[in-house]
Amino acid sequence: MSRPVRVRFAPSPTGYLHVGGARTALFNWLFARHHGGVFVLRIEDTDKSREKETAVQIIYDGLRWLGLEWDEGGDKGGPFGPYHQTERNDIYHRYLKVLQRQGLVYEDEGAVRFRSPRRPVVVDDEICGRVEFDRSLEPDMTIRRPDGSWIFHFANVVDDIEMRISHVIRGEDHLSNTAKHIELYQAFEHEPPRFAHLPLILNQDGSKMSKRDEGASVGSYIEAGYAPEAVRNYLCLLGWSPKDNREMIPIEEVIALFDLNKINRRNAAFDLNKCLWLNGQYMRQMSLERFCELSLPFLRAANIKTPDTAYLLQVLVLVRERVKLFGEVPEWVNYFFTDHYSYDPAAVAKALGKPGALDRLVQLAEAFRQIPDWRADALEAGLKSVAAKAGLKAGEFIHPARVAVSGRAIGPSLYHMLEVLGRDRVLSRLERTIGRFSREQV
């Protein structure tokens with residue numbers, strides 16, 4: 001490439017990070033990493049009417065959750081700062097004077113407008129190809145509002161010049177703006193960056209995703225408990241492909257393969273179910289330590305105390321095949337960490353309300369007391385032996401036992417669950433359940 005690769009993600013702080021913006025940031029980050037370049041995070045906050053107080057932090061948190069660390073900008077600074085447009089007024093005034101000296105701007109009811117050359121503009125786009133825009137009938141664009149704030153088009157171009165941006169990779173909805181930007185580059189006698197406009201992300205029905213659509217906000221994935229690497233992987237596939245039909249691809253391999261010529265020209269269809277499926281694949285294949293790391297914030301939020309890491313890992317092994325999102329982990333494991341669990345009324349009615357169910361729990365508790373080696377295989381053999389002596393199927397003992405020790409009708413393998421809970425806790429819970437529901441039946 002003729003000049004060092006420097007790309008940027010330049011979001012407006014509006015209160016949330018859209019998946020379209022996150023995909024744009026990701027593709028810029030991948031391009032920079034592939035070429036050994038620099039990824040810049042610039043906050044375009046000139047329109048104060050749209051800014052939310054905590055919105056900048058939301059952007060930082062969302063990008064870092066996805067693993068997209070920036071090299072310059074944001075809260076890091078760098079050689080071409082400041083990286084918030086509201087802090088760059090002196091720079092914009094300097095560039096405005098350049099246009100004023102050439103007679104290329106004029107005032108119109110307090111706003112400053114740029115005199116368009118009114119000739120066709122050709123955009124040689126890395127993805128969309130050659131696109132020609134007829135600017136002859138377009139009105140002159142405003143570059144500064146009457147209140148003194150700067151319009152996106154002007155500040156965007158000035159910043160890209162000052163920050164030495166080599167490639168502008170952004171959504172296709174900005175393609176029509178590019179003709180205006182090229183006019184400004186020409187007025188400043190500066191070579192434009194290479195442009196690459198990404199296909200749009202659409203809903204399944206072909207409509208453009210809005211912030212109200214399910215899955216549109218990166219924050220919703222964080223709150224639900226998706227694995228960040230799974231969401232990042234899914235975003236990679238929205239418009240880009242390794243060309244070999246793979247869907248689960250390590251990020252290091254994506255970086256090695258990523259190039260603009262592999263970006264699909266067609267709009268990408270967003271499928272939250274596919275993202276959820278991919279998340280499940282990552283949850284099953286990640287290390288237990290990573291599974292634990294991603295579970296902990298949700299366990300803490302649910303006030304589940306987990307001081308014993310070894311015990312926590314034993315518990316998570318049991319449920320990792322069952323949960324679809326990390327936000328579900330507390331519900332699946334809470335009874336492992338407290339004896340004050342609640343009983344699901346439907347489970348109680350079905351498993352403990354059957355004639356003889358409590359008597360079977362008494363028989364099971366007695367059999368379990370005799371087991372010398374508290375292991376899953378021994379517990380299974382013990383339960384089946386009791387069932388055989390009673391002339392009943394094992395399920396007649398399994399279901400009441402599960403409800404007794406967990407309060408739930410569903411869960412991991414009963415025998416492994418009993419092993420992890422331990423002899424004393426299991427026997428205590430069986431006795432407590434027998435006593436409680438015996439009294440209720442009197």
# chains A, B, ... in the order shown; residues from 1 in each chain; ligands from 1
$ residues_around --residues "region 235-243 of chain A" --least-positions-apart "5" --cutoff "9 Å" --atoms "only C-alpha atoms" --output "list of chain:residue names"
A:Val19, A:Gly20, A:Ala22, A:Arg23, A:Leu26, A:Phe27, A:Leu198, A:Pro199, A:Leu200, A:Ile201, A:Ala230, A:Ile249, A:Val254, A:Leu257, A:Phe258, A:Asp259, A:Leu260, A:Lys262, A:Ile263, A:Asn264, A:Arg265, A:Arg266, A:Asn267, A:Ala268, A:Ala269, A:Phe270, A:Cys275
$ closest_atom_pairs --of "region 60-152 of chain A" --to "region 2-12 of chain A" --cutoff "10 Å" --atoms "only C-alpha atoms" --output "JSON lines"
{"residue": "A:Trp70", "atom": "CA", "partner": "A:Arg8", "partner_atom": "CA", "distance": 9.0}
{"residue": "A:Asp71", "atom": "CA", "partner": "A:Arg8", "partner_atom": "CA", "distance": 9.9}
{"residue": "A:Glu72", "atom": "CA", "partner": "A:Arg8", "partner_atom": "CA", "distance": 9.2}
{"residue": "A:Gly73", "atom": "CA", "partner": "A:Arg8", "partner_atom": "CA", "distance": 9.2}
{"residue": "A:Gly74", "atom": "CA", "partner": "A:Ala10", "partner_atom": "CA", "distance": 9.9}
{"residue": "A:Tyr83", "atom": "CA", "partner": "A:Ala10", "partner_atom": "CA", "distance": 9.5}
{"residue": "A:His84", "atom": "CA", "partner": "A:Ala10", "partner_atom": "CA", "distance": 9.5}
{"residue": "A:Gln85", "atom": "CA", "partner": "A:Ala10", "partner_atom": "CA", "distance": 9.9}
{"residue": "A:Phe152", "atom": "CA", "partner": "A:Ser12", "partner_atom": "CA", "distance": 9.9}
$ write_last_selection --atoms "N, CA and C atoms" --output "PDB file, in the first residue's frame"
ATOM      1  N   TRP A  70      -8.484  -0.093  20.753  1.00  0.00           N
ATOM      2  CA  TRP A  70      -7.988   0.880  19.776  1.00  0.00           C
ATOM      3  C   TRP A  70      -6.553   1.282  20.120  1.00  0.00           C
ATOM      4  N   ASP A  71      -5.846   1.757  19.105  1.00  0.00           N
ATOM      5  CA  ASP A  71      -4.449   2.156  19.272  1.00  0.00           C
ATOM      6  C   ASP A  71      -4.306   3.624  19.636  1.00  0.00           C
ATOM      7  N   GLU A  72      -5.201   4.442  19.118  1.00  0.00           N
ATOM      8  CA  GLU A  72      -5.202   5.872  19.400  1.00  0.00           C
ATOM      9  C   GLU A  72      -6.639   6.314  19.625  1.00  0.00           C
ATOM     10  N   GLY A  73      -6.773   7.415  20.363  1.00  0.00           N
ATOM     11  CA  GLY A  73      -8.089   8.011  20.506  1.00  0.00           C
ATOM     12  C   GLY A  73      -8.818   7.582  21.752  1.00  0.00           C
ATOM     13  N   GLY A  74     -10.087   7.979  21.792  1.00  0.00           N
ATOM     14  CA  GLY A  74     -10.902   7.642  22.947  1.00  0.00           C
ATOM     15  C   GLY A  74     -10.262   8.137  24.222  1.00  0.00           C
ATOM     16  N   TYR A  83      -9.189  13.696  20.369  1.00  0.00           N
ATOM     17  CA  TYR A  83      -9.979  12.757  19.576  1.00  0.00           C
ATOM     18  C   TYR A  83     -11.478  12.907  19.795  1.00  0.00           C
ATOM     19  N   HIS A  84     -11.877  13.942  20.489  1.00  0.00           N
ATOM     20  CA  HIS A  84     -13.279  14.336  20.584  1.00  0.00           C
ATOM     21  C   HIS A  84     -13.455  15.600  19.744  1.00  0.00           C
ATOM     22  N   GLN A  85     -14.411  15.597  18.839  1.00  0.00           N
ATOM     23  CA  GLN A  85     -14.555  16.738  17.936  1.00  0.00           C
ATOM     24  C   GLN A  85     -14.863  18.042  18.673  1.00  0.00           C
ATOM     25  N   PHE A 152     -21.150  17.542  10.366  1.00  0.00           N
ATOM     26  CA  PHE A 152     -20.442  16.267  10.214  1.00  0.00           C
ATOM     27  C   PHE A 152     -19.495  16.253   9.017  1.00  0.00           C
TER      28      PHE A 152
END
$ residues_around --residues "region 97-99 of chain A" --least-positions-apart "5" --cutoff "10 Å" --atoms "only C-alpha atoms" --output "ChimeraX atom specification"
/A:92,104-106,114-115,184,187-188
$ select_by_dssp --residues "region 294-393 of chain A" --states "helix (DSSP H, G or I)" --output "count of residues only"
66
$ closest_residue --among "A:Arg135, A:Val158, A:Gly148, A:Asp47" --to "Arg94 (chain A)" --atoms "only C-alpha atoms"
A:Val158
$ residues_around --residues "Tyr311 (chain A)" --least-positions-apart "2" --cutoff "12 Å" --atoms "only C-alpha atoms" --output "ChimeraX atom specification"
/A:292,305-309,313-318,333,336-337,417,419-422
$ write_last_selection --atoms "C-alpha atoms" --output "PDB file, in the first residue's frame"
ATOM      1  CA  CYS A 292     -16.360 -19.496  34.738  1.00  0.00           C
ATOM      2  CA  LYS A 305     -21.640 -16.292  46.814  1.00  0.00           C
ATOM      3  CA  THR A 306     -18.933 -18.472  45.249  1.00  0.00           C
ATOM      4  CA  PRO A 307     -15.901 -18.399  47.567  1.00  0.00           C
ATOM      5  CA  ASP A 308     -14.781 -21.927  46.661  1.00  0.00           C
ATOM      6  CA  THR A 309     -13.516 -21.812  43.078  1.00  0.00           C
ATOM      7  CA  LEU A 313     -15.966 -25.260  38.593  1.00  0.00           C
ATOM      8  CA  GLN A 314     -17.496 -28.626  39.535  1.00  0.00           C
ATOM      9  CA  VAL A 315     -20.953 -27.050  39.412  1.00  0.00           C
ATOM     10  CA  LEU A 316     -20.371 -25.305  36.088  1.00  0.00           C
ATOM     11  CA  VAL A 317     -19.217 -28.551  34.483  1.00  0.00           C
ATOM     12  CA  LEU A 318     -22.676 -29.952  35.219  1.00  0.00           C
ATOM     13  CA  VAL A 333     -26.925 -23.235  39.806  1.00  0.00           C
ATOM     14  CA  PHE A 336     -25.814 -25.493  44.743  1.00  0.00           C
ATOM     15  CA  PHE A 337     -24.870 -22.472  46.843  1.00  0.00           C
ATOM     16  CA  MET A 417     -25.523 -33.382  40.861  1.00  0.00           C
ATOM     17  CA  GLU A 419     -22.056 -36.198  43.959  1.00  0.00           C
ATOM     18  CA  VAL A 420     -21.165 -32.500  43.740  1.00  0.00           C
ATOM     19  CA  LEU A 421     -23.667 -31.473  46.421  1.00  0.00           C
ATOM     20  CA  GLY A 422     -22.118 -33.999  48.790  1.00  0.00           C
TER      21      GLY A 422
END
$ atom_distance --atom1 "CA of Phe326 (chain A)" --atom2 "CA of Asn28 (chain A)"
28.3 Å
$ select_by_dssp --residues "region 145-358 of chain A" --states "strand (DSSP E or B)" --output "number ranges by chain"
A: 150, 167-171, 194-198, 201-202, 208, 217, 240, 263, 268-269
$ residues_around --residues "region 348-359 of chain A" --least-positions-apart "4" --cutoff "12 Å" --atoms "only C-alpha atoms" --output "short mmCIF file (atom, residue, chain, number, x, y, z; two decimals) with N, CA, C and O atoms, in the first residue's frame"
data_model
loop_
_atom_site.label_atom_id
_atom_site.label_comp_id
_atom_site.auth_asym_id
_atom_site.auth_seq_id
_atom_site.Cartn_x
_atom_site.Cartn_y
_atom_site.Cartn_z
N SER A 342 -36.13 -22.29 46.69
CA SER A 342 -37.58 -22.44 46.63
C SER A 342 -37.94 -23.68 45.81
O SER A 342 -37.17 -24.14 44.98
N TYR A 343 -39.13 -24.19 46.07
CA TYR A 343 -39.64 -25.36 45.34
C TYR A 343 -40.58 -24.88 44.24
O TYR A 343 -41.48 -24.09 44.51
N ASP A 344 -40.37 -25.37 43.04
CA ASP A 344 -41.27 -25.06 41.94
C ASP A 344 -42.60 -25.80 42.19
O ASP A 344 -42.62 -27.04 42.26
N GLN A 363 -37.04 -44.32 51.54
CA GLN A 363 -36.27 -45.50 51.15
C GLN A 363 -34.94 -45.09 50.51
O GLN A 363 -33.88 -45.68 50.78
N LEU A 364 -35.00 -44.05 49.69
CA LEU A 364 -33.79 -43.60 48.99
C LEU A 364 -32.78 -43.02 49.97
O LEU A 364 -31.58 -43.29 49.87
N ALA A 365 -33.26 -42.23 50.90
CA ALA A 365 -32.36 -41.63 51.89
C ALA A 365 -31.66 -42.72 52.69
O ALA A 365 -30.45 -42.63 52.97
N GLU A 366 -32.40 -43.76 53.07
CA GLU A 366 -31.81 -44.86 53.83
C GLU A 366 -30.74 -45.58 53.02
O GLU A 366 -29.66 -45.92 53.52
N VAL A 386 -32.73 -49.78 44.81
CA VAL A 386 -33.93 -49.51 45.60
C VAL A 386 -35.17 -49.63 44.72
O VAL A 386 -36.20 -50.21 45.13
N ALA A 390 -38.36 -52.35 44.94
CA ALA A 390 -39.74 -51.86 45.07
C ALA A 390 -40.60 -52.26 43.88
O ALA A 390 -41.82 -52.01 43.88
N LEU A 392 -40.38 -50.94 40.90
CA LEU A 392 -40.74 -49.71 40.19
C LEU A 392 -39.63 -49.30 39.23
O LEU A 392 -38.48 -49.73 39.35
N GLY A 395 -37.30 -43.95 37.37
CA GLY A 395 -37.84 -42.60 37.30
C GLY A 395 -38.73 -42.25 38.48
O GLY A 395 -38.86 -41.08 38.83
N GLU A 396 -39.37 -43.27 39.10
CA GLU A 396 -40.24 -43.03 40.24
C GLU A 396 -39.44 -42.53 41.46
O GLU A 396 -40.00 -41.97 42.40
N PHE A 397 -38.14 -42.74 41.43
CA PHE A 397 -37.26 -42.26 42.50
C PHE A 397 -36.46 -41.03 42.05
O PHE A 397 -36.18 -40.15 42.85
N ILE A 398 -36.10 -41.02 40.76
CA ILE A 398 -35.27 -39.93 40.23
C ILE A 398 -35.98 -38.59 40.34
O ILE A 398 -35.41 -37.61 40.83
N HIS A 399 -37.22 -38.53 39.89
CA HIS A 399 -37.93 -37.25 39.84
C HIS A 399 -38.19 -36.66 41.23
O HIS A 399 -37.93 -35.47 41.46
N PRO A 400 -38.68 -37.45 42.18
CA PRO A 400 -38.83 -36.89 43.53
C PRO A 400 -37.49 -36.46 44.13
O PRO A 400 -37.42 -35.45 44.83
N ALA A 401 -36.45 -37.24 43.87
CA ALA A 401 -35.14 -36.90 44.43
C ALA A 401 -34.63 -35.57 43.88
O ALA A 401 -34.08 -34.74 44.61
N ARG A 402 -34.80 -35.37 42.59
CA ARG A 402 -34.34 -34.13 41.98
C ARG A 402 -35.06 -32.91 42.58
O ARG A 402 -34.43 -31.91 42.93
N VAL A 403 -36.38 -33.02 42.70
CA VAL A 403 -37.14 -31.90 43.28
C VAL A 403 -36.74 -31.68 44.73
O VAL A 403 -36.62 -30.54 45.20
N ALA A 404 -36.49 -32.77 45.45
CA ALA A 404 -36.15 -32.66 46.87
C ALA A 404 -34.84 -31.90 47.09
O ALA A 404 -34.73 -31.08 48.00
N VAL A 405 -33.83 -32.17 46.26
CA VAL A 405 -32.51 -31.58 46.51
C VAL A 405 -32.28 -30.27 45.77
O VAL A 405 -31.33 -29.55 46.07
N SER A 406 -33.16 -29.95 44.79
CA SER A 406 -32.94 -28.72 44.01
C SER A 406 -34.15 -27.81 43.92
O SER A 406 -34.03 -26.63 43.57
N GLY A 407 -35.34 -28.37 44.18
CA GLY A 407 -36.57 -27.59 44.04
C GLY A 407 -37.05 -27.50 42.61
O GLY A 407 -38.08 -26.88 42.35
N ARG A 408 -36.33 -28.13 41.68
CA ARG A 408 -36.64 -28.01 40.25
C ARG A 408 -36.95 -29.37 39.65
O ARG A 408 -36.51 -30.40 40.15
N ALA A 409 -37.67 -29.33 38.52
CA ALA A 409 -37.99 -30.58 37.81
C ALA A 409 -36.92 -30.94 36.79
O ALA A 409 -36.84 -32.07 36.34
N ILE A 410 -36.12 -29.96 36.40
CA ILE A 410 -35.09 -30.22 35.40
C ILE A 410 -33.74 -29.75 35.93
O ILE A 410 -33.66 -28.92 36.84
N LEU A 430 -33.00 -34.21 51.62
CA LEU A 430 -34.03 -35.26 51.51
C LEU A 430 -34.89 -35.27 52.78
O LEU A 430 -36.13 -35.32 52.70
N GLU A 431 -34.23 -35.20 53.93
CA GLU A 431 -34.97 -35.23 55.20
C GLU A 431 -35.87 -33.99 55.35
O GLU A 431 -37.02 -34.10 55.80
N ARG A 432 -35.34 -32.84 54.97
CA ARG A 432 -36.13 -31.61 55.09
C ARG A 432 -37.35 -31.65 54.18
O ARG A 432 -38.45 -31.25 54.56
N THR A 433 -37.17 -32.15 52.97
CA THR A 433 -38.29 -32.23 52.03
C THR A 433 -39.34 -33.21 52.51
O THR A 433 -40.55 -32.94 52.45
N ILE A 434 -38.88 -34.36 53.01
CA ILE A 434 -39.83 -35.35 53.54
C ILE A 434 -40.64 -34.74 54.68
O ILE A 434 -41.87 -34.86 54.73
N GLY A 435 -39.95 -34.07 55.60
CA GLY A 435 -40.64 -33.48 56.74
C GLY A 435 -41.61 -32.39 56.32
O GLY A 435 -42.77 -32.36 56.80
N ARG A 436 -41.19 -31.53 55.43
CA ARG A 436 -42.05 -30.41 55.03
C ARG A 436 -43.30 -30.89 54.34
O ARG A 436 -44.42 -30.47 54.69
N PHE A 437 -43.17 -31.76 53.34
CA PHE A 437 -44.35 -32.13 52.56
C PHE A 437 -45.19 -33.20 53.25
O PHE A 437 -46.37 -33.36 52.91
N SER A 438 -44.60 -33.91 54.22
CA SER A 438 -45.42 -34.82 55.03
C SER A 438 -46.39 -34.00 55.86
O SER A 438 -47.57 -34.34 56.02
N ARG A 439 -45.90 -32.90 56.45
CA ARG A 439 -46.76 -32.03 57.26
C ARG A 439 -47.84 -31.41 56.42
O ARG A 439 -48.98 -31.26 56.85
N GLU A 440 -47.50 -31.03 55.19
CA GLU A 440 -48.50 -30.36 54.33
C GLU A 440 -49.60 -31.32 53.91
O GLU A 440 -50.71 -30.89 53.59
N GLN A 441 -49.28 -32.62 53.90
CA GLN A 441 -50.29 -33.59 53.47
C GLN A 441 -51.20 -34.02 54.63
O GLN A 441 -52.21 -34.67 54.42
#
$ residues_around --residues "Trp277 (chain A)" --least-positions-apart "6" --cutoff "10 Å" --atoms "only C-alpha atoms" --output "list in words"
Ala230, Tyr234, Met283 and Lys324 of chain A
$ write_last_selection --atoms "N, CA, C and O atoms" --output "PDB file, in the first residue's frame"
ATOM      1  N   ALA A 230     -18.255 -14.971  20.557  1.00  0.00           N
ATOM      2  CA  ALA A 230     -19.286 -15.493  19.659  1.00  0.00           C
ATOM      3  C   ALA A 230     -19.961 -14.369  18.881  1.00  0.00           C
ATOM      4  O   ALA A 230     -20.195 -14.478  17.676  1.00  0.00           O
ATOM      5  N   TYR A 234     -19.882 -13.694  14.907  1.00  0.00           N
ATOM      6  CA  TYR A 234     -21.081 -13.521  14.091  1.00  0.00           C
ATOM      7  C   TYR A 234     -21.020 -12.227  13.286  1.00  0.00           C
ATOM      8  O   TYR A 234     -21.377 -12.203  12.105  1.00  0.00           O
ATOM      9  N   MET A 283     -19.819 -21.616  23.788  1.00  0.00           N
ATOM     10  CA  MET A 283     -19.962 -21.983  25.194  1.00  0.00           C
ATOM     11  C   MET A 283     -19.557 -23.430  25.427  1.00  0.00           C
ATOM     12  O   MET A 283     -18.955 -23.755  26.461  1.00  0.00           O
ATOM     13  N   LYS A 324     -27.918 -21.663  27.555  1.00  0.00           N
ATOM     14  CA  LYS A 324     -27.733 -21.060  26.232  1.00  0.00           C
ATOM     15  C   LYS A 324     -27.058 -19.705  26.309  1.00  0.00           C
ATOM     16  O   LYS A 324     -26.452 -19.254  25.345  1.00  0.00           O
TER      17      LYS A 324
END
$ residues_around --residues "Val122 (chain A)" --least-positions-apart "4" --cutoff "9 Å" --atoms "only C-alpha atoms" --output "PyMOL selection string"
chain A and resi 130-134+179+182
$ atom_distance --atom1 "CA of Leu68 (chain A)" --atom2 "CA of Glu289 (chain A)"
21.6 Å
